[in-house]
Amino acid sequence: CDSEAMSSPFLRLLLQPLVENAIQHSIRDNFEKGKILISARREGKDMVIDIVDNGKGIPEETLLQLNRDMDHGGKPVHRGVGLRNVNDRLKLYFGDNYKLKIETGPEIGTKITLRHPILEEETLRGEVAEAVR
């Protein structure tokens with residue numbers, strides 16, 4: 001993580017469900033060799049966080065359903081509740097440009113990218129201020 005990303009205010013409970021999903025759905029079956037890498041960097045006025053695992057990846061049909069649920073606000077059928085919750089919170093607080101991006105492939109793992117605005121401590125007000133503290 002770059003130092004600016006480490007010190008920026010950030011909505012609570014965004015990373016935990018994503019890391020939990022990586023453990024539960026990607027590396028659980030091969031825990032000894034499983035790895036999860038979390039990195040953060042600044043891109044313009046945004047913080048971009050990647051959560052990457054070396055698990056089995058997400059089947060194409062499941063990925064399509066997850067993306068449909070997140071993009072269109074559909075009720076998650078049985079999976080992706082944590083992903084959907086994180087995605088919905090980002091969009092609720094910061095708008096449609098802030099959401100999750102999922103990349104995956106068989107035997108190459110999964111990468112979830114989270115985009116979050118850089119928040120200046122002195123400008124935080126109302127619900128956003130409460131959500132990041």
# chains A, B, ... in the order shown; residues from 1 in each chain; ligands from 1
>>> select_by_dssp(residues="chain A", states="alpha helix (DSSP H)", output="MDAnalysis selection string")
chainID A and resid 3:7 15:21 60:72 81:94 126:132
>>> closest_atom_pairs(of="stretch 40-125 of chain A", to="stretch 8-20 of chain A", cutoff="12 Å", atoms="only C-alpha atoms", output="tab-separated table")
residue	atom	partner	partner_atom	distance
A:Ala40	CA	A:Ser8	CA	10.9
A:Arg41	CA	A:Ser8	CA	10.9
A:Arg42	CA	A:Ser8	CA	10.2
A:Lys45	CA	A:Ser8	CA	11.4
A:Asp46	CA	A:Ser8	CA	10.3
A:Met47	CA	A:Ser8	CA	8.6
A:Val48	CA	A:Phe10	CA	11.4
A:Ile49	CA	A:Leu15	CA	9.0
A:Asp50	CA	A:Leu15	CA	9.8
A:Ile51	CA	A:Val19	CA	7.2
A:Val52	CA	A:Val19	CA	9.1
A:Asp53	CA	A:Val19	CA	9.1
A:Gly80	CA	A:Pro17	CA	9.9
A:Val81	CA	A:Pro17	CA	9.2
A:Gly82	CA	A:Pro17	CA	5.4
A:Leu83	CA	A:Leu18	CA	6.7
A:Arg84	CA	A:Pro17	CA	10.0
A:Asn85	CA	A:Leu14	CA	8.7
A:Val86	CA	A:Leu14	CA	5.7
A:Asn87	CA	A:Leu14	CA	8.8
A:Asp88	CA	A:Leu14	CA	10.6
A:Arg89	CA	A:Leu14	CA	8.5
A:Leu90	CA	A:Leu11	CA	8.3
A:Lys91	CA	A:Leu11	CA	11.8
A:Leu92	CA	A:Leu11	CA	11.5
A:Tyr93	CA	A:Leu11	CA	9.1
A:Phe94	CA	A:Leu11	CA	10.5
A:Lys99	CA	A:Leu14	CA	11.1
A:Leu100	CA	A:Leu18	CA	10.1
A:Lys101	CA	A:Leu18	CA	11.8
A:Ile102	CA	A:Leu18	CA	11.0
A:Thr110	CA	A:Leu18	CA	11.0
A:Lys111	CA	A:Leu18	CA	10.2
A:Ile112	CA	A:Leu18	CA	7.9
A:Thr113	CA	A:Leu18	CA	9.9
A:Leu114	CA	A:Leu14	CA	8.8
A:Arg115	CA	A:Leu14	CA	10.8
A:His116	CA	A:Phe10	CA	7.7
A:Pro117	CA	A:Phe10	CA	8.5
A:Ile118	CA	A:Ser8	CA	6.4
A:Leu119	CA	A:Pro9	CA	5.9
A:Glu120	CA	A:Ser8	CA	7.4
A:Glu121	CA	A:Pro9	CA	6.8
A:Glu122	CA	A:Pro9	CA	10.5
A:Thr123	CA	A:Pro9	CA	10.9
A:Leu124	CA	A:Pro9	CA	9.1
>>> atom_distance(atom1="atom CA of A:Gly95", atom2="atom CA of A:Leu66")
19.3 Å
>>> atom_distance(atom1="atom CA of A:Ile108", atom2="atom CA of A:Lys33")
13.2 Å
>>> closest_residue(among="A:Ile38, A:Thr104, A:Glu43, A:Asp96", to="A:Pro59", atoms="only C-alpha atoms")
A:Thr104
>>> atom_distance(atom1="atom CA of A:Cys1", atom2="atom CA of A:Gln24")
24.2 Å
>>> residues_around(residues="A:Ile58", least_positions_apart="3", cutoff="8 Å", atoms="only C-alpha atoms", output="list in words")
Thr62, Leu63, Thr104, Gly105, Pro106, Gly109 and Thr110 of chain A
>>> closest_residue(among="A:Glu32, A:Gly44, A:Glu103, A:Tyr98", to="A:Leu64", atoms="only C-alpha atoms")
A:Glu103
>>> select_by_dssp(residues="stretch 13-121 of chain A", states="strand (DSSP E or B)", output="PyMOL selection string")
chain A and resi 36-43+46-53+100-105+109-117
>>> write_last_selection(atoms="N, CA, C and O atoms", output="tab-separated table (two decimals), in the first residue's frame")
chain	number	residue	atom	x	y	z
A	36	ILE	N	-3.55	-14.79	-0.58
A	36	ILE	CA	-4.39	-13.62	-0.82
A	36	ILE	C	-3.49	-12.41	-0.71
A	36	ILE	O	-2.78	-12.25	0.28
A	37	LEU	N	-3.50	-11.57	-1.74
A	37	LEU	CA	-2.69	-10.36	-1.76
A	37	LEU	C	-3.63	-9.17	-1.79
A	37	LEU	O	-4.53	-9.11	-2.63
A	38	ILE	N	-3.42	-8.23	-0.89
A	38	ILE	CA	-4.20	-6.99	-0.85
A	38	ILE	C	-3.23	-5.85	-1.13
A	38	ILE	O	-2.21	-5.72	-0.46
A	39	SER	N	-3.56	-5.04	-2.13
A	39	SER	CA	-2.73	-3.88	-2.44
A	39	SER	C	-3.62	-2.66	-2.62
A	39	SER	O	-4.79	-2.78	-2.99
A	40	ALA	N	-3.06	-1.49	-2.34
A	40	ALA	CA	-3.81	-0.24	-2.48
A	40	ALA	C	-2.90	0.82	-3.09
A	40	ALA	O	-1.71	0.88	-2.77
A	41	ARG	N	-3.49	1.62	-3.95
A	41	ARG	CA	-2.74	2.69	-4.60
A	41	ARG	C	-3.68	3.84	-4.92
A	41	ARG	O	-4.90	3.65	-4.96
A	42	ARG	N	-3.11	4.98	-5.15
A	42	ARG	CA	-3.89	6.15	-5.54
A	42	ARG	C	-3.92	6.23	-7.06
A	42	ARG	O	-2.89	6.03	-7.72
A	43	GLU	N	-5.10	6.50	-7.62
A	43	GLU	CA	-5.27	6.80	-9.03
A	43	GLU	C	-6.10	8.06	-9.12
A	43	GLU	O	-7.31	8.03	-8.92
A	46	ASP	N	-8.93	8.90	-6.57
A	46	ASP	CA	-9.47	7.66	-6.03
A	46	ASP	C	-8.38	6.79	-5.43
A	46	ASP	O	-7.21	6.86	-5.81
A	47	MET	N	-8.80	5.94	-4.51
A	47	MET	CA	-7.98	4.86	-3.98
A	47	MET	C	-8.48	3.58	-4.65
A	47	MET	O	-9.69	3.35	-4.72
A	48	VAL	N	-7.56	2.79	-5.16
A	48	VAL	CA	-7.91	1.54	-5.81
A	48	VAL	C	-7.29	0.41	-5.01
A	48	VAL	O	-6.08	0.40	-4.76
A	49	ILE	N	-8.13	-0.52	-4.59
A	49	ILE	CA	-7.68	-1.64	-3.77
A	49	ILE	C	-7.95	-2.93	-4.54
A	49	ILE	O	-9.06	-3.14	-5.04
A	50	ASP	N	-6.92	-3.76	-4.65
A	50	ASP	CA	-7.05	-5.06	-5.30
A	50	ASP	C	-6.93	-6.15	-4.26
A	50	ASP	O	-6.02	-6.13	-3.43
A	51	ILE	N	-7.84	-7.12	-4.31
A	51	ILE	CA	-7.78	-8.32	-3.49
A	51	ILE	C	-7.63	-9.46	-4.50
A	51	ILE	O	-8.54	-9.71	-5.30
A	52	VAL	N	-6.48	-10.11	-4.49
A	52	VAL	CA	-6.16	-11.13	-5.48
A	52	VAL	C	-5.89	-12.45	-4.76
A	52	VAL	O	-5.15	-12.48	-3.78
A	53	ASP	N	-6.50	-13.53	-5.26
A	53	ASP	CA	-6.21	-14.85	-4.71
A	53	ASP	C	-5.73	-15.77	-5.82
A	53	ASP	O	-5.91	-15.47	-6.99
A	100	LEU	N	-17.39	-2.53	-7.49
A	100	LEU	CA	-16.43	-3.62	-7.59
A	100	LEU	C	-16.28	-4.05	-9.05
A	100	LEU	O	-17.22	-4.00	-9.83
A	101	LYS	N	-15.08	-4.50	-9.36
A	101	LYS	CA	-14.80	-5.12	-10.66
A	101	LYS	C	-14.20	-6.49	-10.36
A	101	LYS	O	-13.28	-6.59	-9.56
A	102	ILE	N	-14.73	-7.52	-11.00
A	102	ILE	CA	-14.26	-8.88	-10.74
A	102	ILE	C	-13.64	-9.43	-12.02
A	102	ILE	O	-14.26	-9.40	-13.08
A	103	GLU	N	-12.42	-9.92	-11.88
A	103	GLU	CA	-11.74	-10.59	-12.98
A	103	GLU	C	-11.35	-11.98	-12.48
A	103	GLU	O	-10.89	-12.13	-11.35
A	104	THR	N	-11.52	-12.99	-13.34
A	104	THR	CA	-11.24	-14.35	-12.91
A	104	THR	C	-10.97	-15.23	-14.11
A	104	THR	O	-11.25	-14.85	-15.25
A	105	GLY	N	-10.43	-16.38	-13.83
A	105	GLY	CA	-10.19	-17.36	-14.87
A	105	GLY	C	-9.89	-18.70	-14.23
A	105	GLY	O	-9.40	-18.75	-13.10
A	109	GLY	N	-7.11	-17.88	-10.50
A	109	GLY	CA	-7.57	-17.14	-9.34
A	109	GLY	C	-8.56	-16.04	-9.68
A	109	GLY	O	-9.09	-15.97	-10.78
A	110	THR	N	-8.77	-15.17	-8.71
A	110	THR	CA	-9.74	-14.09	-8.83
A	110	THR	C	-9.12	-12.80	-8.34
A	110	THR	O	-8.39	-12.78	-7.35
A	111	LYS	N	-9.45	-11.71	-9.03
A	111	LYS	CA	-9.01	-10.37	-8.63
A	111	LYS	C	-10.27	-9.51	-8.51
A	111	LYS	O	-11.04	-9.39	-9.45
A	112	ILE	N	-10.47	-8.95	-7.32
A	112	ILE	CA	-11.57	-8.01	-7.10
A	112	ILE	C	-10.95	-6.64	-6.88
A	112	ILE	O	-10.10	-6.46	-6.01
A	113	THR	N	-11.38	-5.69	-7.70
A	113	THR	CA	-10.88	-4.33	-7.60
A	113	THR	C	-11.99	-3.46	-7.04
A	113	THR	O	-13.12	-3.48	-7.53
A	114	LEU	N	-11.65	-2.71	-6.01
A	114	LEU	CA	-12.57	-1.82	-5.32
A	114	LEU	C	-12.08	-0.40	-5.53
A	114	LEU	O	-10.91	-0.11	-5.28
A	115	ARG	N	-12.94	0.47	-6.02
A	115	ARG	CA	-12.60	1.89	-6.23
A	115	ARG	C	-13.34	2.71	-5.18
A	115	ARG	O	-14.54	2.57	-5.01
A	116	HIS	N	-12.59	3.57	-4.46
A	116	HIS	CA	-13.11	4.37	-3.34
A	116	HIS	C	-12.50	5.76	-3.46
A	116	HIS	O	-11.31	5.89	-3.67
A	117	PRO	N	-13.30	6.81	-3.32
A	117	PRO	CA	-12.70	8.15	-3.44
A	117	PRO	C	-11.75	8.44	-2.28
A	117	PRO	O	-11.93	7.93	-1.17
